[in-house]
>>> print(open('start-v6.txt').read())   # compact mmCIF, C-alpha atoms
# COMPACT_ATOMS: atom_id res chain seq x y z
CA MET A 25 99.47 6.97 57.28
CA HIS A 26 97.89 8.31 54.09
CA SER A 27 100.76 9.91 52.10
CA ALA A 28 98.62 12.80 50.84
CA VAL A 29 97.53 13.61 54.39
CA LEU A 30 101.14 13.49 55.56
CA ALA A 31 102.23 15.88 52.80
CA LYS A 32 99.34 18.27 53.44
CA ASN A 33 99.99 18.35 57.17
CA ALA A 34 103.70 18.97 56.59
CA ILE A 35 102.94 21.92 54.30
CA ALA A 36 100.42 23.31 56.79
CA ALA A 37 102.99 23.07 59.59
CA CYS A 38 105.32 25.29 57.57
CA LEU A 39 102.63 27.83 56.65
CA LEU A 40 101.02 28.23 60.07
CA PRO A 41 102.27 29.25 63.51
CA PRO A 42 104.36 28.28 65.29
CA GLY A 43 106.14 26.50 62.40
CA LEU A 44 106.13 29.50 60.05
CA PHE A 45 107.68 31.85 62.59
CA LEU A 46 110.18 29.29 63.84
CA LEU A 47 111.24 28.88 60.22
CA LEU A 48 111.61 32.66 59.89
CA MET A 49 113.78 32.79 63.01
CA THR A 50 115.91 29.89 61.79
CA ILE A 51 116.53 31.65 58.49
CA GLY A 52 117.33 34.82 60.44
CA LEU A 53 119.93 32.97 62.52
CA ILE A 54 121.52 31.56 59.36
CA LEU A 55 121.70 35.04 57.82
CA LEU A 56 123.17 36.77 60.87
CA THR A 57 126.77 36.47 59.71
CA ARG A 58 126.17 37.37 56.04
CA LYS A 59 123.27 39.83 56.28
CA PRO A 60 122.99 40.81 59.95
CA ARG A 61 120.29 43.46 59.46
CA LEU A 62 118.00 41.10 57.56
CA GLY A 63 118.76 38.28 59.98
CA ARG A 64 117.87 40.38 63.02
CA SER A 65 114.68 41.59 61.31
CA LEU A 66 113.53 38.06 60.61
CA ILE A 67 114.24 36.94 64.17
CA ALA A 68 112.40 39.96 65.58
CA ALA A 69 109.44 39.41 63.24
CA GLY A 70 109.17 35.77 64.30
CA ILE A 71 109.30 36.56 68.01
CA LEU A 72 106.82 39.44 67.71
CA SER A 73 104.37 37.41 65.62
CA LEU A 74 104.46 34.46 68.02
CA THR A 75 103.89 36.81 70.96
CA ILE A 76 100.94 38.59 69.35
CA LEU A 77 99.21 35.37 68.26
CA SER A 78 99.71 33.93 71.75
CA MET A 79 97.56 36.69 73.29
CA PRO A 80 93.99 35.58 74.13
CA VAL A 81 92.64 38.94 72.93
CA ILE A 82 94.04 38.29 69.43
CA GLU A 83 92.98 34.64 69.39
CA LYS A 84 89.38 35.60 70.20
CA ARG A 85 89.28 38.28 67.50
CA LEU A 86 90.49 35.79 64.91
CA LEU A 87 87.87 33.24 65.97
CA ARG A 88 85.08 35.82 65.90
CA MET A 89 85.96 36.47 62.24
CA ILE A 90 84.96 32.93 61.28
CA GLU A 91 82.39 31.72 63.82
CA PRO A 92 78.82 31.86 62.42
CA PRO A 93 75.58 32.57 64.30
CA ALA A 94 73.97 29.71 66.19
CA LEU A 95 71.24 27.57 64.64
CA THR A 96 67.72 28.97 65.10
CA THR A 97 65.42 26.90 62.87
CA ILE A 98 65.65 23.82 60.68
CA PRO A 99 64.10 24.30 57.22
CA ALA A 100 61.33 22.04 55.96
CA ASN A 101 62.35 19.14 53.71
CA THR A 102 65.70 18.72 55.47
CA VAL A 103 66.62 15.06 55.00
CA ALA A 104 69.50 14.44 57.42
CA ILE A 105 71.87 15.67 60.08
CA VAL A 106 75.52 15.35 59.04
CA CYS A 107 78.09 15.37 61.84
CA LEU A 108 81.76 15.81 60.92
CA GLY A 109 84.53 14.07 62.81
CA GLY A 110 87.08 16.33 64.45
CA GLY A 111 89.84 13.89 65.35
CA LYS A 112 90.48 11.10 67.82
CA ARG A 113 92.89 9.95 70.54
CA PHE A 114 95.06 6.88 70.11
CA ALA A 115 96.20 6.65 73.74
CA ALA A 116 92.73 5.92 75.11
CA TYR A 117 93.92 3.48 77.74
CA ASP A 118 90.62 3.77 79.56
CA GLN A 119 88.65 2.45 76.56
CA PRO A 120 88.42 -1.19 75.42
CA GLU A 121 89.33 -0.31 71.81
CA GLY A 122 92.40 1.67 72.90
CA GLU A 123 91.15 4.58 70.79
CA THR A 124 88.34 7.11 71.15
CA ILE A 125 87.19 10.43 69.76
CA ASN A 126 88.78 13.64 70.98
CA ASN A 127 87.01 16.41 72.89
CA ALA A 128 86.21 18.41 69.74
CA THR A 129 84.38 15.45 68.21
CA LEU A 130 82.61 14.72 71.50
CA ALA A 131 81.19 18.26 71.57
CA ARG A 132 79.87 17.76 68.02
CA LEU A 133 78.24 14.44 68.94
CA ARG A 134 76.55 15.96 71.97
CA TYR A 135 74.98 18.64 69.79
CA THR A 136 74.09 16.08 67.12
CA ALA A 137 72.18 14.03 69.69
CA GLN A 138 70.39 17.14 70.92
CA ILE A 139 69.32 18.23 67.41
CA ALA A 140 68.40 14.67 66.38
CA LYS A 141 66.08 14.25 69.35
CA GLN A 142 64.45 17.63 68.75
CA SER A 143 64.00 17.19 64.98
CA GLN A 144 63.69 13.40 64.62
CA LEU A 145 65.96 13.64 61.58
CA PRO A 146 68.24 10.68 60.69
CA VAL A 147 71.96 11.05 61.35
CA LEU A 148 75.02 10.58 59.14
CA VAL A 149 78.48 10.58 60.73
CA THR A 150 81.55 11.11 58.57
CA GLY A 151 85.24 10.68 59.30
CA GLY A 152 87.94 8.25 58.22
CA LYS A 153 91.28 7.11 59.60
CA PRO A 154 93.97 9.26 57.94
CA LEU A 155 96.43 8.33 60.70
CA GLY A 156 95.40 4.68 60.88
CA GLY A 157 93.50 2.69 63.47
CA ILE A 158 89.70 2.79 63.75
CA SER A 159 87.71 5.17 61.56
CA GLU A 160 86.38 8.21 63.38
CA ALA A 161 82.88 7.60 62.02
CA VAL A 162 82.82 4.08 63.50
CA LEU A 163 83.75 5.45 66.92
CA MET A 164 81.26 8.32 66.54
CA ALA A 165 78.39 6.00 65.66
CA LYS A 166 79.16 3.74 68.64
CA ILE A 167 79.17 6.67 71.07
CA LEU A 168 75.97 8.18 69.68
CA ARG A 169 74.16 4.86 69.97
CA GLU A 170 75.52 3.67 73.30
CA GLU A 171 76.11 6.90 75.24
CA PHE A 172 73.64 9.39 73.73
CA ASN A 173 70.89 6.90 72.83
CA THR A 174 70.79 8.34 69.31
CA PRO A 175 70.49 6.07 66.25
CA VAL A 176 72.84 6.52 63.29
CA ARG A 177 71.56 5.66 59.81
CA TRP A 178 74.70 6.27 57.73
CA VAL A 179 78.38 5.78 58.59
CA GLU A 180 80.86 7.28 56.12
CA SER A 181 84.24 5.99 57.28
CA GLU A 182 86.66 6.57 54.38
CA SER A 183 87.12 10.36 54.17
CA VAL A 184 90.43 11.94 55.17
CA ASP A 185 89.56 15.65 55.03
CA THR A 186 86.60 18.03 54.90
CA GLN A 187 86.30 17.92 51.12
CA GLU A 188 86.06 14.14 51.21
CA ASN A 189 83.55 14.38 54.08
CA ALA A 190 81.36 16.24 51.59
CA SER A 191 81.98 14.19 48.44
CA LEU A 192 81.62 10.80 50.13
CA SER A 193 78.55 11.90 52.08
CA ALA A 194 77.00 12.89 48.73
CA ARG A 195 77.23 9.24 47.65
CA LEU A 196 74.99 8.31 50.56
CA LEU A 197 72.55 11.23 50.55
CA GLY A 198 72.64 12.59 47.00
CA LYS A 199 74.41 15.78 45.96
CA ASN A 200 71.37 18.07 46.23
CA ALA A 201 70.21 16.91 49.64
CA LYS A 202 69.12 19.49 52.18
CA ILE A 203 71.06 18.85 55.39
CA VAL A 204 71.85 20.20 58.83
CA LEU A 205 75.64 20.30 59.12
CA ILE A 206 77.23 20.01 62.56
CA THR A 207 80.81 20.90 63.31
CA GLU A 208 82.89 23.19 65.50
CA ALA A 209 81.97 26.88 65.13
CA ALA A 210 85.45 27.87 63.96
CA HIS A 211 85.38 25.11 61.33
CA MET A 212 81.86 25.76 60.08
CA GLN A 213 82.41 28.31 57.32
CA ARG A 214 85.01 26.17 55.55
CA ALA A 215 82.97 22.99 56.03
CA GLN A 216 79.83 24.67 54.71
CA MET A 217 81.72 25.86 51.63
CA ALA A 218 82.98 22.34 50.95
CA PHE A 219 79.50 20.82 51.23
CA GLU A 220 77.81 23.54 49.20
CA ASN A 221 80.46 23.24 46.49
CA THR A 222 79.57 19.55 46.35
CA GLY A 223 75.90 20.44 45.81
CA PHE A 224 74.38 20.13 49.28
CA ARG A 225 71.90 22.70 50.57
CA VAL A 226 73.28 23.40 54.02
CA THR A 227 71.83 24.71 57.26
CA ALA A 228 74.75 25.41 59.58
CA ALA A 229 74.48 24.09 63.15
CA ALA A 230 77.70 25.21 64.80
CA THR A 231 78.78 24.15 68.27
CA ASP A 232 81.78 24.46 70.60
CA TYR A 233 82.12 28.24 70.27
CA ALA A 234 85.27 29.88 71.63
CA ASN A 235 84.96 30.95 75.25
CA GLN A 236 84.62 34.74 75.41
CA GLU A 237 86.09 35.71 78.77
CA PRO A 238 85.82 39.34 79.97
CA LEU A 239 88.70 41.57 78.83
CA SER A 240 91.41 41.90 81.48
CA ILE A 241 95.18 42.16 81.81
CA LEU A 242 95.30 38.37 81.31
CA SER A 243 93.90 38.86 77.81
CA PHE A 244 97.25 40.33 76.79
CA MET A 245 99.44 37.72 78.48
CA PRO A 246 100.84 35.13 76.00
CA LYS A 247 99.47 31.61 76.48
CA ALA A 248 100.23 28.39 74.62
CA ALA A 249 96.51 27.55 74.35
CA ALA A 250 95.81 30.91 72.70
CA LEU A 251 98.57 30.30 70.15
CA ASN A 252 97.05 26.91 69.35
CA ARG A 253 93.61 28.43 68.75
CA SER A 254 95.07 31.31 66.72
CA SER A 255 96.83 28.75 64.53
CA PHE A 256 93.54 26.88 64.10
CA ALA A 257 91.74 30.09 63.10
CA LEU A 258 94.43 30.92 60.54
CA HIS A 259 94.22 27.35 59.21
CA GLU A 260 90.49 27.82 58.65
CA LEU A 261 90.99 31.21 56.97
CA LEU A 262 93.57 29.72 54.60
CA GLY A 263 91.23 26.83 53.88
CA MET A 264 88.39 29.22 53.04
CA LEU A 265 90.66 31.14 50.71
CA TRP A 266 91.66 27.88 49.00
CA HIS A 267 88.01 26.91 48.50
CA ARG A 268 87.24 30.30 46.97
CA LEU A 269 90.21 30.07 44.62
CA ARG A 270 89.14 26.58 43.52
CA ALA A 271 85.55 27.71 43.02
>>> encode(input="start-v6.txt", output="structure tokens")
Amino acid sequence: MHSAVLAKNAIAACLLPPGLFLLLMTIGLILLTRKPRLGRSLIAAGILSLTILSMPVIEKRLLRMIEPPALTTIPANTVAIVCLGGGKRFAAYDQPEGETINNATLARLRYTAQIAKQSQLPVLVTGGKPLGGISEAVLMAKILREEFNTPVRWVESESVDTQENASLSARLLGKNAKIVLITEAAHMQRAQMAFENTGFRVTAAATDYANQEPLSILSFMPKAAALNRSSFALHELLGMLWHRLRA
């Protein structure tokens, strides 16, 4: 495993739910004997925060803060479609390679194939192997060609994060290239910032929007899936803040 990726993921686990609030509760338990009031406050804050972020109504509000509008038109002089990898599965026992892309990446590839067939633009796929195994981009290109009947012109298979997706794609396309960028809706704003900071002129083509179910009593019932998506939304918001600070 790439050491920098390991360190970054460890830090993120401590800064985002549920890790952040579990850490708060652990500190609260340690402080119970010495500073009982502070200890109880930390435990209560952790439990309350986890409960709130586990509510679908909160998860959907967080996602709506970062999901952009859908693609309407592709500008003239666009030179390529760039599809970002979104992870893979190692335990793909049903596949000959033993590995395959995850559902998030599959949704991106489906949209990439759709846009490529409509626009006739060439495709670049980008995604490395930060956890080892086969590069995401290699798997993505194979699936686009064999399952979606969509050719892939460029395969960038060394990047380990969104910033490297941008910088290494620039080596293939040129920094000032006008592109259509495809990724998950909740990831789009941060990805677009990374590519534009690298010099690309980006048209956002978001996919895999969060499901907006009608408001009901179930919207306020804590769910593990809602906590996972809330954590993802907060991860993206922190990433956007980091990009702005760096810029």
>>> closest_atom_pairs(input="start-v6.txt", of="segment 170-226 of chain A", to="segment 96-101 of chain A", cutoff="12 Å", atoms="all atoms listed in the file", output="CSV")
residue,atom,partner,partner_atom,distance
A:Asn200,CA,A:Asn101,CA,11.8
A:Ala201,CA,A:Asn101,CA,9.1
A:Lys202,CA,A:Asn101,CA,6.9
A:Ile203,CA,A:Asn101,CA,8.9
A:Val204,CA,A:Ile98,CA,7.4
A:Leu205,CA,A:Ile98,CA,10.7
A:Arg225,CA,A:Pro99,CA,10.4
A:Val226,CA,A:Pro99,CA,9.8
>>> atom_distance(input="start-v6.txt", atom1="atom CA of Ala250 of chain A", atom2="atom CA of Thr124 of chain A")
25.0 Å
>>> atom_distance(input="start-v6.txt", atom1="atom CA of Ala249 of chain A", atom2="atom CA of Asp232 of chain A")
15.5 Å
>>> closest_residue(input="start-v6.txt", among="A:Ile158, A:Leu87, A:Val184, A:Ala218", to="Lys199 of chain A", atoms="all atoms listed in the file")
A:Ala218
>>> closest_residue(input="start-v6.txt", among="A:Met217, A:Glu260, A:Ser183, A:Leu108", to="Ala131 of chain A", atoms="all atoms listed in the file")
A:Leu108
